[in-house]
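Chemist: There's a structure below that I have some questions on.
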Amino acid sequence: MQMAVSDVNADPRVLKGTKLKLIIEDANCSVFVGSIGAFRALEQGIAAIIGPQSSSIAHTISQVANGLQVPLVSYAATDPTLSSLQYPYFFRTTQSDSEQMAAMAELIDFYEWKDVIAIFVDEDYGRNGIFALGDELERRRLRITHKLALSIQLDLDEITQMLNESKVYGPRVYVVHVNPDPRLRIFSIAQKLQMMTSDYVWFATDWLSATLDSFSPVNQTYLSILQGVVGLRPHIPDSVQKRNFVSRWKKMQQEGLAITGLNVYGFYAYDTIWAVARSIDKFVEVYKNVTFSFSNYTLPHSEAAGIQFDKLKVLAGGSDLAYILSQSNFTGVGGQVQFNSERNIISSGYDVMNINQKAITRVGYWSKSSGFSVAPPEIHTKKENSSFNQDQKLNNITWPGGQTGRPRGWVIADNARPLKIGVPKRASFVEFVTELPKTHEIQGYCIDVFKKALEFIPYAVPYEFEPFGNGRLNPNYDDLVKAVAEEVYDAVIGDIAIVTNRTKFVDFSQPFATSGLVVVAPIDNESSAWVFIKPFSTEMWCATAASFMMIAVVIWILEHRVNDDFRGPPKKQVVTMFMFSLSTLFKTNQERTVSTLGRMVMIVWLFLLMVITASYTASLTSILTVEQLSSPITGIDSLIASNWPIGYQVGSFAYSYMTESLYVPGSRLVALGSPEEYASALQRGPSAGGVAAIVDELPYVDLFLSTQTDFGIIGQPFTKSSWGFAFSRDSPLAVDMSTAILKLSESGQLQKIREHWFCKMGCPGERISKSQSNQLHMISFWGLYLSCGVVTLAAFVAYVLRTICQFVRYKRRQKDLTPPSSSLPPGSRCSQVVYNFFDFIDKKEEAIKKMFTQPNNPQQRLS
C-alpha cells in the first residue's frame, strides 16, 4: 500500500498535485482494537477506509462506515455475508468466498467424492465460508458430514484432539479453511497422527497459498509436510504490469525493505489504493474539494476511551464517492479492477495448486465460465455454464502418500459399530433370502451375492444382519426400504426390486439380478391338428410352393428335347413335370435328368431342399415340445380387461403397481403367500374361488415353474426392473458395492452363485405361450433362395440362347434345301416364325444334330 501511495503521488495525472496520505492503524487481529483504531482514524477526517484484512473486523467497521458515509474497501475480507445490501459502503477488491467455495465444491465433485469433513476457524470468516461451501456442495448432491471448529489461536492440543476424534469418522476428505498460519500447525499434527497417508485427501482454501507465497526460502522446508495437499489460489493474469511489480518487490526484498514474499493480497492491496485514488480524483473534478461535517453522535463517558464521537467527521458526498468507486474499470497489477452488482470484484478464477516433493505445482485453473482447464481462464471464450462444459480437465495430481490414482476418500470408521443390515425374513421362496428357524443363520442367493461382493471391496466392512418380518408371512418390502431412510438400518440386503418410489429416499447398488412382472396361467400340452403348418410362416410356405413350381417348369424345359421321360402327350408331360418336382422332396422320383444344365440346377435345388427340410423338422419338434395355452388370457391387457381375480405375492410391489399404475381394483387382487398357494389357486380357477392368473416377478416365477408343468408364462414381461441392495442416501458404500457387483458379474461368479441355488435340477427357463418365436421366416433363407434362383435362371438363359442359335442354323439349312415360297404379309411372317420356333423346340435334339451332320440333299427331311 505504501508503494501504491508513492506511485499515486508521483503520477501527475492523478489528483493533480494533491497528495494522498495513508494513515495506518494496527488492529492486531482484534475486533475491539480494530474498532478503536478506526474511530481514531475517522476523527482526522478521511475519504476512504482501506482494509481490514479480517472479516470479523470488517463487519464492525462497515457499520461505522455506513454511519459516516465513508467507502470501506477491503482487499482481504472474503466473508461472503459482507453484502452490499447490509453494508452499502463496503467494497471488496478480493474475491468473495462464495466464488472460492463454488470452485472447491466443483473440485470435490470433479473427483466424485460425496462426503467431506470441514475444518475451520470459529469466527465469521470461517463459519460463513464453510456455510457457503455447504450450500455449494448441496447443489451437487454432496455434503459436509462433520464440521470441526477451531479457536482463532489454533491451539496444538485442541488440534490434536480434534484430528484424533475425526479419525473415527468414515469420510477421509478434509477441507481446511483457517487463517494464514506460517507454522502449518494443522498439517504438522496430521502428519504426526499418520493422517497424511494414501487413505486421506486434503484440500485447503486460499489461506495456504497466501501462507506459502509469503514464506522465506528457509521456511520452504515446511513443504515436506504438505505432500499431496491440493489448494486454491486466486488467479492473477500474467501481464507486463504484474511482472514489473514482482521485479520491484524482489528488489525491495534484496534491499531489506520487504521481509516477506509477495502473495495475491499484496496485488489486491496495491490495486485498492489506485482504485480509491482514481475515484477521489473523479470526485474532486465534480465537487472541487473533499469536505467533512461533524457527526451528531454522542455517547456518555466516551472520552474515557479516548474517543469523542461528536468529533467524528462525516464525508460530504460520500454516497457519490461510493458510486464513482463502483464504476471503477481499469487494469491493475492483479488483473481487471471492476465491481459487480454486489460490489465484489469480478472474479478472475482460481489456480489449482498441488504440493509434491517440496514444490508447488499448478495443475490447472478454474473459472465460473469455463470450469476446470489446463489453460488460463482469460483465453477461454465465455460459456453459459461450466456444468455443461465437456472439456473439464486438470493435470495429474499427486495425493498424500505419493499416489497418483484417485484416493477412495472413505473408509469404514475405526470405532464404528458394525453396519446394521436389514434382511427380509421370507416365509416362501426362501431360496432367495431367509432366516433358518433353528440356527437363526441368514442365508440365500442374495446373501451369497452380498458376501462375495464384499471380497471385491478393498477394506473391511463389519456388519450384522437383522431379520425383518415374523417368518409366517413375507414382509412388506416398501416398509423395509423405508427403514433405511428412517436410519433404522444402514442398508437392506435381499431381493429388493429397484422401483421409482423407493429410489426417492434410498440409494441402490448396481443391479445383481434382472426382474420384471409377468403373468402366469394354466397351460396344457395338447397340440393343434394343424400344428404341422406352424414351423413356416405364410411367406415361407408361399416361397417354397413357388420354388417347387419353378423347378418343375425349368427342369421340363431343360429335359424335354433330350430326355424321353419328359416327352409324350401334353397331359402326361404336365403330370410328369409336377410329380418329378414334388418327388424330389422324398428322393423317390423315377425320372432322371440327362442334360448338364438340368443336373446343375438339381444339385442346387436338392441342397436348398435339404436345408429347408432339416429346418422344418427342427422347428416342428420344438413347437411340439412347447406348452400350449389352455387359458383365454393372452397377456396383461386381456387379464386386466376381464373381471377375473388376480393373484399376487404377499409383500411384493406388484400390488401397488397394479392398483396405482394399471388401475386394477384392489377387490380383484388375491394375496398368496407360497408356491403351494400359487398352484392351488391356479388349479381351482376363478369359478372355484381361485384365480385366473398370477402376477409376480420373474425370478419367483422361474423358481415356481421349475417344479410345475401345468402352468406357464403368458406373453412377455410387461415391466422392466432389477434387484439391488438398498443403502442410505449418498452412502459411499453403495458406490463401492456397485463396483464390486460389476466385477462379480464380469468374472462369472455371479452366474455361478445363481446356478448353485437354482440349477440343481436344471435351470428354470421362461415358458412363453406363443410358438411364433420358433417359427421360420423367409428372412432366414432368402440368401439360399436367391442363390438357387440365380443358378436356375442362368441355366434357363443359357438353354434359351443355345436353342435360338440352333433354330437359326436350322432355318438356314432348311432354306438351302427348299425353294423359296411366295412372300407373306409381315404379320403372318412373324407368327409363322414363332410357330416354327415352338415347333422346333418340341423336336428331339438328337434329330436336329443328325440333320446338321448329313450332306445337303434336297430329298432329306426330318423324321
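Ligands are numbered from 1 in the order shown, chains are lettered A, B, ... in the order of the C-alpha cells, and residues start at 1 in each chain.
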List the spatial neighbours of segment 795-805 of chain A as an MDAnalysis selection string - criterion: any atom at most 8 Å away, only C-alpha atoms, same-chain residues fewer than 3 positions off excluded.

Modeler: chainID A and resid 554 558 597:598 600:601 791:792 808:809 841

Chemist: In segment 56-144 of chain A, what's strand (DSSP E) per DSSP? Answer as number ranges by chain?

Modeler: A: 72-74, 90-92, 115-121, 143-144

Chemist: Save the residues we just selected, N, CA and C atoms, as an mmCIF file, in the first residue's frame?

Modeler:
```cif
data_model
loop_
_atom_site.group_PDB
_atom_site.id
_atom_site.type_symbol
_atom_site.label_atom_id
_atom_site.label_comp_id
_atom_site.auth_asym_id
_atom_site.auth_seq_id
_atom_site.Cartn_x
_atom_site.Cartn_y
_atom_site.Cartn_z
ATOM 1 N N LEU A 72 -15.647 1.848 2.401
ATOM 2 C CA LEU A 72 -14.726 0.899 3.016
ATOM 3 C C LEU A 72 -14.355 -0.127 1.941
ATOM 4 N N VAL A 73 -13.076 -0.160 1.591
ATOM 5 C CA VAL A 73 -12.611 -1.039 0.515
ATOM 6 C C VAL A 73 -11.628 -2.041 1.116
ATOM 7 N N SER A 74 -12.029 -3.331 1.120
ATOM 8 C CA SER A 74 -11.179 -4.365 1.714
ATOM 9 C C SER A 74 -10.560 -5.218 0.619
ATOM 10 N N PHE A 90 -19.558 -0.821 1.558
ATOM 11 C CA PHE A 90 -18.491 -1.827 1.584
ATOM 12 C C PHE A 90 -18.172 -2.289 0.163
ATOM 13 N N PHE A 91 -16.871 -2.276 -0.157
ATOM 14 C CA PHE A 91 -16.374 -2.780 -1.436
ATOM 15 C C PHE A 91 -15.319 -3.852 -1.159
ATOM 16 N N ARG A 92 -15.199 -4.770 -2.107
ATOM 17 C CA ARG A 92 -14.232 -5.843 -1.924
ATOM 18 C C ARG A 92 -13.404 -5.972 -3.210
ATOM 19 N N ASP A 115 -18.820 -37.168 0.489
ATOM 20 C CA ASP A 115 -18.826 -36.662 1.864
ATOM 21 C C ASP A 115 -17.476 -36.033 2.183
ATOM 22 N N VAL A 116 -17.503 -34.904 2.899
ATOM 23 C CA VAL A 116 -16.262 -34.240 3.300
ATOM 24 C C VAL A 116 -16.364 -33.821 4.760
ATOM 25 N N ILE A 117 -15.196 -33.601 5.356
ATOM 26 C CA ILE A 117 -15.081 -33.063 6.710
ATOM 27 C C ILE A 117 -14.490 -31.661 6.596
ATOM 28 N N ALA A 118 -15.125 -30.686 7.216
ATOM 29 C CA ALA A 118 -14.662 -29.299 7.142
ATOM 30 C C ALA A 118 -13.989 -28.907 8.448
ATOM 31 N N ILE A 119 -12.767 -28.374 8.350
ATOM 32 C CA ILE A 119 -12.036 -27.817 9.497
ATOM 33 C C ILE A 119 -11.965 -26.314 9.279
ATOM 34 N N PHE A 120 -12.416 -25.535 10.258
ATOM 35 C CA PHE A 120 -12.470 -24.086 10.050
ATOM 36 C C PHE A 120 -12.231 -23.366 11.372
ATOM 37 N N VAL A 121 -11.854 -22.122 11.236
ATOM 38 C CA VAL A 121 -11.650 -21.277 12.405
ATOM 39 C C VAL A 121 -13.006 -20.702 12.810
ATOM 40 N N ARG A 143 -22.172 -33.360 0.479
ATOM 41 C CA ARG A 143 -22.482 -32.829 1.805
ATOM 42 C C ARG A 143 -21.238 -32.775 2.684
ATOM 43 N N ILE A 144 -21.320 -31.897 3.681
ATOM 44 C CA ILE A 144 -20.332 -31.859 4.757
ATOM 45 C C ILE A 144 -20.887 -32.722 5.883
#
```

Chemist: In Å, with one decimal, what is the gap from atom CA of Gly34 of chain A to atom CA of Pro52 of chain A?

Modeler: 8.3 Å

Chemist: For Ser224 of chain A, work out the shell of residues within 8 Å, counting only C-alpha atoms and skipping chain neighbours fewer than 2 positions away, then give it as a PDB file with C-alpha atoms, in the first residue's frame.

Modeler:
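File selection-v8.pdb, as written:
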```pdb
ATOM      1  CA  THR A 221      11.327 -26.998   4.407  1.00  0.00           C
ATOM      2  CA  TYR A 222       7.773 -26.904   5.722  1.00  0.00           C
ATOM      3  CA  LEU A 226       2.256 -30.812   2.793  1.00  0.00           C
ATOM      4  CA  GLN A 227       2.901 -33.706   0.429  1.00  0.00           C
ATOM      5  CA  GLN A 357       8.165 -33.201  -3.417  1.00  0.00           C
ATOM      6  CA  LYS A 358       8.622 -29.833  -1.710  1.00  0.00           C
TER       7      LYS A 358
END
```

Chemist: Quick one: pick out all helix (DSSP H, G or I) residues within segment 104-231 of chain A from a backbone DSSP run and write them as a ChimeraX atom specification.

Modeler: /A:104-110,124-139,156-166,185-192,206-213,217-226

Chemist: Have a look at A:Leu733, A:Gly444, A:Ser680, A:Phe110 and name the one nearest to Leu419 of chain A; count only C-alpha atoms.

Modeler: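 Counting only C-alpha atoms, the residue closest to Leu419 of chain A is A:Leu733.
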
Chemist: Taking only C-alpha atoms into account, name the residue in A:Val695, A:Val488, A:Val481, A:Val5 that is nearest to Phe508 of chain A.

Modeler: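 Nearest to Phe508 of chain A: A:Val481.
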
Chemist: A:Asp281, A:Asp181, A:Asp79, A:Asp213: which is nearest Thr18 of chain A, counting only C-alpha atoms?

Modeler: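 Counting only C-alpha atoms, the residue closest to Thr18 of chain A is A:Asp281.
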
Chemist: For a quick check of understanding, using only C-alpha atoms, which of A:Ile280, A:Glu123, A:Asn28, A:Ile159 has the smallest distance to Gly318 of chain A?

Modeler: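 Of the candidates, the smallest distance to Gly318 of chain A is held by A:Ile280.
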